[in-house]
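Structure file work_10.txt with compact mmCIF, N, CA and C atoms:
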```txt
# COMPACT_ATOMS: atom_id res chain seq x y z
N MET A 17 3.43 60.99 215.25
CA MET A 17 3.15 59.70 214.67
C MET A 17 1.65 59.43 214.81
N LYS A 18 0.97 59.28 213.69
CA LYS A 18 -0.46 59.00 213.70
C LYS A 18 -0.66 57.49 213.76
N VAL A 19 -1.53 57.06 214.65
CA VAL A 19 -1.81 55.63 214.81
C VAL A 19 -3.08 55.29 214.05
N THR A 20 -3.00 54.34 213.16
CA THR A 20 -4.16 53.89 212.40
C THR A 20 -4.80 52.70 213.10
N LEU A 21 -5.99 52.31 212.63
CA LEU A 21 -6.66 51.14 213.20
C LEU A 21 -5.80 49.90 213.06
N LYS A 22 -5.16 49.75 211.90
CA LYS A 22 -4.32 48.57 211.66
C LYS A 22 -3.15 48.53 212.64
N LYS A 23 -2.50 49.67 212.83
CA LYS A 23 -1.36 49.75 213.74
C LYS A 23 -1.79 49.49 215.18
N ALA A 24 -2.93 50.07 215.59
CA ALA A 24 -3.42 49.87 216.95
C ALA A 24 -3.77 48.40 217.19
N SER A 25 -4.38 47.78 216.19
CA SER A 25 -4.72 46.36 216.31
C SER A 25 -3.46 45.53 216.49
N TYR A 26 -2.42 45.84 215.73
CA TYR A 26 -1.15 45.14 215.83
C TYR A 26 -0.53 45.35 217.21
N MET A 27 -0.57 46.62 217.69
CA MET A 27 0.01 46.93 218.99
C MET A 27 -0.69 46.15 220.10
N LEU A 28 -2.01 46.06 220.02
CA LEU A 28 -2.78 45.37 221.05
C LEU A 28 -2.52 43.87 221.03
N ARG A 29 -2.39 43.29 219.83
CA ARG A 29 -2.12 41.85 219.74
C ARG A 29 -0.72 41.51 220.24
N ARG A 30 0.25 42.37 219.92
CA ARG A 30 1.64 42.10 220.31
C ARG A 30 1.83 42.22 221.82
N ASN A 31 1.22 43.23 222.43
CA ASN A 31 1.43 43.45 223.85
C ASN A 31 0.19 44.12 224.44
N PRO A 32 -0.73 43.35 224.99
CA PRO A 32 -1.95 43.92 225.54
C PRO A 32 -1.72 44.89 226.68
N ALA A 33 -0.56 44.80 227.34
CA ALA A 33 -0.28 45.69 228.47
C ALA A 33 0.21 47.06 228.02
N VAL A 34 0.42 47.26 226.73
CA VAL A 34 0.92 48.55 226.22
C VAL A 34 -0.07 49.66 226.50
N THR A 35 -1.33 49.37 226.33
CA THR A 35 -2.35 50.39 226.47
C THR A 35 -3.20 50.12 227.70
N PRO A 36 -3.31 51.10 228.60
CA PRO A 36 -4.16 50.90 229.77
C PRO A 36 -5.63 50.83 229.36
N PRO A 37 -6.45 50.12 230.11
CA PRO A 37 -7.87 50.05 229.78
C PRO A 37 -8.52 51.42 229.79
N ASN A 38 -9.45 51.62 228.88
CA ASN A 38 -10.18 52.87 228.79
C ASN A 38 -11.24 52.89 229.89
N GLN A 39 -11.11 53.83 230.83
CA GLN A 39 -12.01 53.88 231.98
C GLN A 39 -13.45 54.20 231.58
N SER A 40 -13.63 54.99 230.51
CA SER A 40 -14.98 55.36 230.09
C SER A 40 -15.73 54.17 229.49
N LEU A 41 -15.02 53.10 229.12
CA LEU A 41 -15.65 51.92 228.56
C LEU A 41 -15.71 50.78 229.58
N GLY A 42 -15.68 51.12 230.84
CA GLY A 42 -15.78 50.11 231.89
C GLY A 42 -14.54 49.25 232.00
N GLY A 43 -13.37 49.82 231.71
CA GLY A 43 -12.13 49.08 231.83
C GLY A 43 -11.78 48.24 230.63
N GLN A 44 -12.59 48.26 229.58
CA GLN A 44 -12.29 47.48 228.38
C GLN A 44 -11.52 48.33 227.38
N THR A 45 -10.53 47.74 226.76
CA THR A 45 -9.75 48.44 225.75
C THR A 45 -10.30 48.09 224.38
N THR A 46 -10.54 49.10 223.56
CA THR A 46 -10.97 48.86 222.19
C THR A 46 -9.94 49.45 221.24
N ILE A 47 -9.93 48.95 220.04
CA ILE A 47 -9.00 49.45 219.03
C ILE A 47 -9.28 50.93 218.75
N GLU A 48 -10.56 51.31 218.64
CA GLU A 48 -10.90 52.71 218.38
C GLU A 48 -10.43 53.62 219.50
N ALA A 49 -10.53 53.14 220.75
CA ALA A 49 -10.08 53.94 221.90
C ALA A 49 -8.57 54.14 221.83
N ILE A 50 -7.84 53.10 221.43
CA ILE A 50 -6.39 53.21 221.30
C ILE A 50 -6.04 54.25 220.26
N VAL A 51 -6.70 54.17 219.10
CA VAL A 51 -6.41 55.12 218.02
C VAL A 51 -6.68 56.54 218.47
N THR A 52 -7.83 56.77 219.09
CA THR A 52 -8.19 58.11 219.54
C THR A 52 -7.21 58.64 220.58
N GLU A 53 -6.90 57.82 221.60
CA GLU A 53 -6.00 58.26 222.66
C GLU A 53 -4.60 58.55 222.13
N ARG A 54 -4.08 57.65 221.29
CA ARG A 54 -2.73 57.84 220.76
C ARG A 54 -2.65 59.05 219.83
N ASN A 55 -3.65 59.22 218.98
CA ASN A 55 -3.63 60.35 218.06
C ASN A 55 -3.78 61.67 218.79
N MET A 56 -4.60 61.70 219.85
CA MET A 56 -4.73 62.92 220.64
C MET A 56 -3.42 63.23 221.35
N ALA A 57 -2.71 62.19 221.80
CA ALA A 57 -1.44 62.41 222.48
C ALA A 57 -0.41 63.03 221.55
N PHE A 58 -0.48 62.70 220.27
CA PHE A 58 0.47 63.25 219.31
C PHE A 58 -0.06 64.48 218.60
N GLY A 59 -1.19 65.00 219.04
CA GLY A 59 -1.73 66.25 218.50
C GLY A 59 -2.44 66.10 217.17
N ALA A 60 -2.80 64.89 216.79
CA ALA A 60 -3.52 64.71 215.53
C ALA A 60 -4.97 65.13 215.73
N LYS A 61 -5.57 65.63 214.67
CA LYS A 61 -6.97 66.04 214.73
C LYS A 61 -7.86 64.81 214.72
N VAL A 62 -8.76 64.71 215.69
CA VAL A 62 -9.68 63.58 215.78
C VAL A 62 -11.06 64.08 215.40
N LEU A 63 -11.66 63.47 214.39
CA LEU A 63 -12.98 63.86 213.94
C LEU A 63 -14.04 63.22 214.82
N ALA A 64 -15.11 63.95 215.08
CA ALA A 64 -16.22 63.39 215.84
C ALA A 64 -16.87 62.26 215.04
N ASP A 65 -17.02 62.47 213.74
CA ASP A 65 -17.58 61.45 212.85
C ASP A 65 -16.62 61.30 211.68
N PRO A 66 -15.88 60.19 211.59
CA PRO A 66 -14.90 60.06 210.52
C PRO A 66 -15.51 60.03 209.14
N PHE A 67 -16.83 59.84 209.03
CA PHE A 67 -17.47 59.80 207.72
C PHE A 67 -18.06 61.14 207.32
N ASP A 68 -17.98 62.14 208.21
CA ASP A 68 -18.57 63.44 207.92
C ASP A 68 -17.64 64.23 207.01
N CYS A 69 -18.07 64.42 205.77
CA CYS A 69 -17.23 65.08 204.78
C CYS A 69 -17.04 66.56 205.10
N ALA A 70 -17.98 67.16 205.85
CA ALA A 70 -17.85 68.56 206.20
C ALA A 70 -16.66 68.78 207.13
N GLN A 71 -16.32 67.78 207.96
CA GLN A 71 -15.20 67.89 208.88
C GLN A 71 -13.89 67.41 208.25
N SER A 72 -14.01 66.59 207.24
CA SER A 72 -12.83 65.91 206.70
C SER A 72 -11.99 66.82 205.82
N GLU A 73 -10.71 66.89 206.11
CA GLU A 73 -9.79 67.67 205.28
C GLU A 73 -9.55 66.97 203.95
N GLN A 74 -9.68 65.66 203.93
CA GLN A 74 -9.46 64.91 202.70
C GLN A 74 -10.47 65.30 201.64
N CYS A 75 -11.74 65.46 202.02
CA CYS A 75 -12.77 65.84 201.05
C CYS A 75 -12.48 67.22 200.49
N ALA A 76 -12.06 68.13 201.37
CA ALA A 76 -11.77 69.49 200.92
C ALA A 76 -10.55 69.52 200.02
N THR A 77 -9.58 68.66 200.29
CA THR A 77 -8.35 68.65 199.51
C THR A 77 -8.57 68.10 198.11
N TYR A 78 -9.24 66.97 198.02
CA TYR A 78 -9.39 66.31 196.73
C TYR A 78 -10.66 66.72 196.01
N GLY A 79 -11.71 67.03 196.72
CA GLY A 79 -12.92 67.53 196.13
C GLY A 79 -13.70 66.55 195.28
N GLY A 80 -13.21 65.35 195.11
CA GLY A 80 -13.89 64.36 194.29
C GLY A 80 -14.77 63.46 195.12
N PRO A 81 -15.35 62.46 194.47
CA PRO A 81 -16.18 61.51 195.23
C PRO A 81 -15.34 60.69 196.19
N VAL A 82 -15.92 60.35 197.31
CA VAL A 82 -15.25 59.55 198.31
C VAL A 82 -15.71 58.11 198.13
N ILE A 83 -14.75 57.19 198.06
CA ILE A 83 -15.05 55.77 197.89
C ILE A 83 -14.90 55.09 199.24
N LEU A 84 -15.92 54.33 199.62
CA LEU A 84 -15.90 53.58 200.87
C LEU A 84 -15.70 52.10 200.57
N ARG A 85 -14.78 51.48 201.26
CA ARG A 85 -14.61 50.03 201.14
C ARG A 85 -15.65 49.35 202.03
N ILE A 86 -15.66 48.04 202.06
CA ILE A 86 -16.72 47.29 202.74
C ILE A 86 -16.78 47.59 204.25
N GLY A 87 -15.64 47.76 204.90
CA GLY A 87 -15.64 48.03 206.35
C GLY A 87 -16.39 49.30 206.72
N PRO A 88 -16.04 50.43 206.12
CA PRO A 88 -16.79 51.66 206.42
C PRO A 88 -18.26 51.59 205.99
N VAL A 89 -18.56 50.85 204.93
CA VAL A 89 -19.97 50.69 204.52
C VAL A 89 -20.72 49.93 205.61
N GLN A 90 -20.10 48.87 206.14
CA GLN A 90 -20.71 48.11 207.23
C GLN A 90 -20.98 49.01 208.43
N LEU A 91 -20.00 49.82 208.80
CA LEU A 91 -20.17 50.72 209.94
C LEU A 91 -21.26 51.74 209.67
N ARG A 92 -21.28 52.25 208.46
CA ARG A 92 -22.23 53.31 208.11
C ARG A 92 -23.67 52.80 208.15
N ILE A 93 -23.93 51.64 207.58
CA ILE A 93 -25.32 51.18 207.48
C ILE A 93 -25.72 50.17 208.56
N GLY A 94 -24.74 49.63 209.28
CA GLY A 94 -25.05 48.74 210.40
C GLY A 94 -25.45 47.34 209.99
N LEU A 95 -25.02 46.89 208.83
CA LEU A 95 -25.33 45.54 208.37
C LEU A 95 -24.03 44.77 208.15
N SER A 96 -24.12 43.45 208.20
CA SER A 96 -22.93 42.63 208.04
C SER A 96 -22.49 42.57 206.58
N ARG A 97 -21.27 42.16 206.40
CA ARG A 97 -20.70 42.01 205.06
C ARG A 97 -21.51 41.04 204.21
N SER A 98 -21.86 39.90 204.79
CA SER A 98 -22.60 38.89 204.02
C SER A 98 -24.00 39.40 203.64
N PHE A 99 -24.64 40.16 204.53
CA PHE A 99 -25.97 40.67 204.20
C PHE A 99 -25.89 41.75 203.13
N ILE A 100 -24.85 42.56 203.15
CA ILE A 100 -24.67 43.59 202.11
C ILE A 100 -24.55 42.91 200.75
N TYR A 101 -23.73 41.87 200.68
CA TYR A 101 -23.57 41.18 199.40
C TYR A 101 -24.84 40.42 199.01
N SER A 102 -25.62 39.94 199.97
CA SER A 102 -26.88 39.28 199.63
C SER A 102 -27.90 40.28 199.10
N MET A 103 -27.83 41.53 199.56
CA MET A 103 -28.73 42.55 199.01
C MET A 103 -28.40 42.85 197.55
N LEU A 104 -27.16 42.60 197.15
CA LEU A 104 -26.75 42.84 195.77
C LEU A 104 -27.07 41.66 194.84
N ASP A 105 -27.30 40.48 195.41
CA ASP A 105 -27.53 39.27 194.62
C ASP A 105 -29.00 39.14 194.22
N PRO A 106 -29.31 39.21 192.92
CA PRO A 106 -30.71 39.11 192.48
C PRO A 106 -31.37 37.78 192.83
N GLU A 107 -30.58 36.73 193.06
CA GLU A 107 -31.13 35.41 193.40
C GLU A 107 -31.50 35.30 194.88
N SER A 108 -31.03 36.24 195.69
CA SER A 108 -31.22 36.17 197.14
C SER A 108 -32.60 36.69 197.55
N PRO A 109 -33.19 36.10 198.59
CA PRO A 109 -34.45 36.65 199.10
C PRO A 109 -34.26 38.03 199.75
N SER A 110 -33.02 38.38 200.08
CA SER A 110 -32.72 39.68 200.69
C SER A 110 -32.39 40.74 199.66
N HIS A 111 -32.53 40.42 198.39
CA HIS A 111 -32.14 41.35 197.31
C HIS A 111 -32.87 42.68 197.45
N ASP A 112 -32.11 43.76 197.36
CA ASP A 112 -32.66 45.11 197.40
C ASP A 112 -32.17 45.84 196.15
N PRO A 113 -33.03 46.01 195.15
CA PRO A 113 -32.58 46.65 193.91
C PRO A 113 -32.22 48.12 194.08
N THR A 114 -32.62 48.73 195.20
CA THR A 114 -32.30 50.14 195.42
C THR A 114 -30.93 50.34 196.05
N PHE A 115 -30.34 49.25 196.56
CA PHE A 115 -29.03 49.38 197.21
C PHE A 115 -27.97 49.70 196.15
N PRO A 116 -27.08 50.67 196.44
CA PRO A 116 -26.08 51.07 195.45
C PRO A 116 -25.16 49.92 195.04
N LYS A 117 -24.85 49.87 193.76
CA LYS A 117 -23.94 48.86 193.23
C LYS A 117 -22.50 49.31 193.52
N PRO A 118 -21.62 48.36 193.83
CA PRO A 118 -20.21 48.73 194.05
C PRO A 118 -19.53 49.02 192.73
N ILE A 119 -18.43 49.75 192.82
CA ILE A 119 -17.61 49.99 191.63
C ILE A 119 -16.32 49.21 191.79
N ARG A 120 -15.79 48.74 190.69
CA ARG A 120 -14.55 47.96 190.71
C ARG A 120 -13.37 48.92 190.82
N LEU A 121 -12.54 48.71 191.85
CA LEU A 121 -11.34 49.52 192.05
C LEU A 121 -10.10 48.85 191.46
N SER A 122 -10.07 47.54 191.54
CA SER A 122 -8.98 46.76 190.96
C SER A 122 -9.52 45.36 190.70
N ALA A 123 -8.64 44.44 190.37
CA ALA A 123 -9.08 43.08 190.07
C ALA A 123 -9.76 42.42 191.26
N ARG A 124 -9.34 42.77 192.47
CA ARG A 124 -9.89 42.11 193.66
C ARG A 124 -10.45 43.08 194.70
N ALA A 125 -10.75 44.30 194.30
CA ALA A 125 -11.24 45.29 195.26
C ALA A 125 -12.43 46.06 194.67
N VAL A 126 -13.44 46.25 195.51
CA VAL A 126 -14.58 47.08 195.13
C VAL A 126 -14.81 48.12 196.21
N GLY A 127 -15.56 49.14 195.86
CA GLY A 127 -15.91 50.18 196.81
C GLY A 127 -17.24 50.78 196.42
N TRP A 128 -17.81 51.55 197.33
CA TRP A 128 -19.09 52.19 197.10
C TRP A 128 -18.88 53.70 197.16
N VAL A 129 -19.63 54.43 196.35
CA VAL A 129 -19.58 55.89 196.37
C VAL A 129 -20.33 56.36 197.62
N GLU A 130 -19.66 57.17 198.42
CA GLU A 130 -20.22 57.61 199.70
C GLU A 130 -21.56 58.31 199.54
N SER A 131 -21.68 59.16 198.55
CA SER A 131 -22.94 59.90 198.37
C SER A 131 -24.10 58.96 198.03
N GLU A 132 -23.82 57.87 197.30
CA GLU A 132 -24.87 56.90 196.99
C GLU A 132 -25.31 56.14 198.23
N ILE A 133 -24.35 55.79 199.09
CA ILE A 133 -24.69 55.11 200.35
C ILE A 133 -25.52 56.04 201.23
N SER A 134 -25.13 57.31 201.31
CA SER A 134 -25.88 58.28 202.11
C SER A 134 -27.29 58.47 201.58
N ALA A 135 -27.43 58.53 200.25
CA ALA A 135 -28.75 58.69 199.64
C ALA A 135 -29.62 57.46 199.92
N TRP A 136 -29.03 56.27 199.86
CA TRP A 136 -29.78 55.05 200.15
C TRP A 136 -30.25 55.04 201.61
N LEU A 137 -29.36 55.43 202.52
CA LEU A 137 -29.73 55.50 203.93
C LEU A 137 -30.88 56.49 204.15
N THR A 138 -30.79 57.64 203.50
CA THR A 138 -31.84 58.65 203.62
C THR A 138 -33.17 58.11 203.12
N SER A 139 -33.14 57.37 202.01
CA SER A 139 -34.38 56.80 201.47
C SER A 139 -34.94 55.74 202.41
N ARG A 140 -34.08 54.95 203.04
CA ARG A 140 -34.54 53.93 203.99
C ARG A 140 -35.16 54.59 205.22
N ILE A 141 -34.56 55.67 205.69
CA ILE A 141 -35.12 56.39 206.84
C ILE A 141 -36.49 56.95 206.48
N ALA A 142 -36.59 57.57 205.31
CA ALA A 142 -37.87 58.14 204.87
C ALA A 142 -38.93 57.05 204.73
N ALA A 143 -38.55 55.89 204.17
CA ALA A 143 -39.50 54.79 204.02
C ALA A 143 -39.96 54.27 205.37
N SER A 144 -39.06 54.17 206.34
CA SER A 144 -39.47 53.67 207.65
C SER A 144 -40.36 54.67 208.37
N ARG A 145 -40.15 55.95 208.14
CA ARG A 145 -41.00 56.97 208.76
C ARG A 145 -42.41 56.94 208.16
N ARG A 146 -42.52 56.69 206.85
CA ARG A 146 -43.84 56.60 206.21
C ARG A 146 -44.60 55.40 206.75
N ILE A 147 -43.92 54.29 206.97
CA ILE A 147 -44.57 53.08 207.48
C ILE A 147 -45.07 53.30 208.90
N THR A 148 -44.25 53.90 209.74
CA THR A 148 -44.65 54.09 211.15
C THR A 148 -45.72 55.16 211.30
N ASN A 149 -45.80 56.12 210.39
CA ASN A 149 -46.80 57.18 210.49
C ASN A 149 -48.14 56.79 209.88
N ARG A 150 -48.20 55.67 209.20
CA ARG A 150 -49.44 55.23 208.57
C ARG A 150 -50.40 54.73 209.66
N SER A 151 -51.65 55.18 209.57
CA SER A 151 -52.63 54.71 210.54
C SER A 151 -53.37 53.50 209.99
N PHE A 152 -53.69 52.55 210.86
CA PHE A 152 -54.35 51.32 210.43
C PHE A 152 -55.81 51.35 210.74
```

Before we go any further, please render this structure as structure tokens.
Amino acid sequence: MKVTLKKASYMLRRNPAVTPPNQSLGGQTTIEAIVTERNMAFGAKVLADPFDCAQSEQCATYGGPVILRIGPVQLRIGLSRSFIYSMLDPESPSHDPTFPKPIRLSARAVGWVESEISAWLTSRIAASRRITNRSF
């Protein structure tokens, strides 16, 4: 039985005593720790980086573009949901025209192409390195 983040969150809310505190985190239990511990107990493969397509069997199986919803995009780039959407808004002072546009998945769902997010991150890293290496 593979435990997902949603299932682990439900398990923790229903009965906090179900899962012992993770000793490596100073006695604090996290949802990610529950997922990792439970999946390892059932022999599921745990990826070091869940976003690494080289490790992911899903990428190899389907071979197509990987779509990231807002949660994984937030984790990947380290910005909040509201700031991501403000970067997309041309009226916002935080507008970034280089940030990838989301694609519509359904009437109420959008996602971002993983390769576009990775390319944007790479460009931001390169831009920050040029700024720090400039002599004044």

How far is it from atom N of A:Ser102 to atom C of A:Val89, in Å with one decimal?
12.5 Å

Å distance separating atom CA of A:Pro113 from atom C of A:Gly79, one decimal place
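Calculated distance between atom CA of A:Pro113 and atom C of A:Gly79 is 27.5 Å.
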
Suppose you want the space between atom CA of A:Gly94 and atom CA of A:Ile133; what is it in Å?
11.9 Å

Skip A:Ser134 itself and residues of its chain fewer than 6 positions away, then list as a PyMOL selection string all residues within 10 Å of it, counting only C-alpha atoms.
chain A and resi 89+92-93+116+140

Okay, now the selection with N, CA and C atoms, as a short mmCIF file (atom, residue, chain, number, x, y, z; two decimals), in the frame of the given file?
```cif
data_model
loop_
_atom_site.label_atom_id
_atom_site.label_comp_id
_atom_site.auth_asym_id
_atom_site.auth_seq_id
_atom_site.Cartn_x
_atom_site.Cartn_y
_atom_site.Cartn_z
N VAL A 89 -18.56 50.85 204.93
CA VAL A 89 -19.97 50.69 204.52
C VAL A 89 -20.72 49.93 205.61
N ARG A 92 -21.28 52.25 208.46
CA ARG A 92 -22.23 53.31 208.11
C ARG A 92 -23.67 52.80 208.15
N ILE A 93 -23.93 51.64 207.58
CA ILE A 93 -25.32 51.18 207.48
C ILE A 93 -25.72 50.17 208.56
N PRO A 116 -27.08 50.67 196.44
CA PRO A 116 -26.08 51.07 195.45
C PRO A 116 -25.16 49.92 195.04
N ARG A 140 -34.08 54.95 203.04
CA ARG A 140 -34.54 53.93 203.99
C ARG A 140 -35.16 54.59 205.22
#
```

Of the residues A:Gly80, A:Ser96, A:Thr114, A:Ile86, which is the one nearest to A:Leu137, using only C-alpha atoms?
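Among A:Gly80, A:Ser96, A:Thr114, A:Ile86, it is A:Thr114 that comes nearest to A:Leu137.
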
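Closest approach to A:Ile119 from the set A:Glu107, A:Glu132, A:Ser144, A:Gly87 is made by A:Glu132, with distances taken over only C-alpha atoms.
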
Using only N, CA and C atoms, which residues sit within 7 Å of A:Phe115 once same-chain residues fewer than 3 positions away are excluded, as a count of residues only?
5

With 6.5 Å as the threshold, what does the neighbourhood of (-13.4, 54.7, 198.1) contain in terms of residues, counting all atoms listed in the file? Coordinates are those of the file; answer as a PyMOL selection string.
chain A and resi 82-85+127-129

Keeping only N, CA and C atoms, write the selected residues as an mmCIF file, in the coordinates of the input.
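File written: out.cif
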```
data_model
loop_
_atom_site.group_PDB
_atom_site.id
_atom_site.type_symbol
_atom_site.label_atom_id
_atom_site.label_comp_id
_atom_site.auth_asym_id
_atom_site.auth_seq_id
_atom_site.Cartn_x
_atom_site.Cartn_y
_atom_site.Cartn_z
ATOM 1 N N VAL A 82 -15.920 60.350 197.310
ATOM 2 C CA VAL A 82 -15.250 59.550 198.310
ATOM 3 C C VAL A 82 -15.710 58.110 198.130
ATOM 4 N N ILE A 83 -14.750 57.190 198.060
ATOM 5 C CA ILE A 83 -15.050 55.770 197.890
ATOM 6 C C ILE A 83 -14.900 55.090 199.240
ATOM 7 N N LEU A 84 -15.920 54.330 199.620
ATOM 8 C CA LEU A 84 -15.900 53.580 200.870
ATOM 9 C C LEU A 84 -15.700 52.100 200.570
ATOM 10 N N ARG A 85 -14.780 51.480 201.260
ATOM 11 C CA ARG A 85 -14.610 50.030 201.140
ATOM 12 C C ARG A 85 -15.650 49.350 202.030
ATOM 13 N N GLY A 127 -15.560 49.140 195.860
ATOM 14 C CA GLY A 127 -15.910 50.180 196.810
ATOM 15 C C GLY A 127 -17.240 50.780 196.420
ATOM 16 N N TRP A 128 -17.810 51.550 197.330
ATOM 17 C CA TRP A 128 -19.090 52.190 197.100
ATOM 18 C C TRP A 128 -18.880 53.700 197.160
ATOM 19 N N VAL A 129 -19.630 54.430 196.350
ATOM 20 C CA VAL A 129 -19.580 55.890 196.370
ATOM 21 C C VAL A 129 -20.330 56.360 197.620
#
```
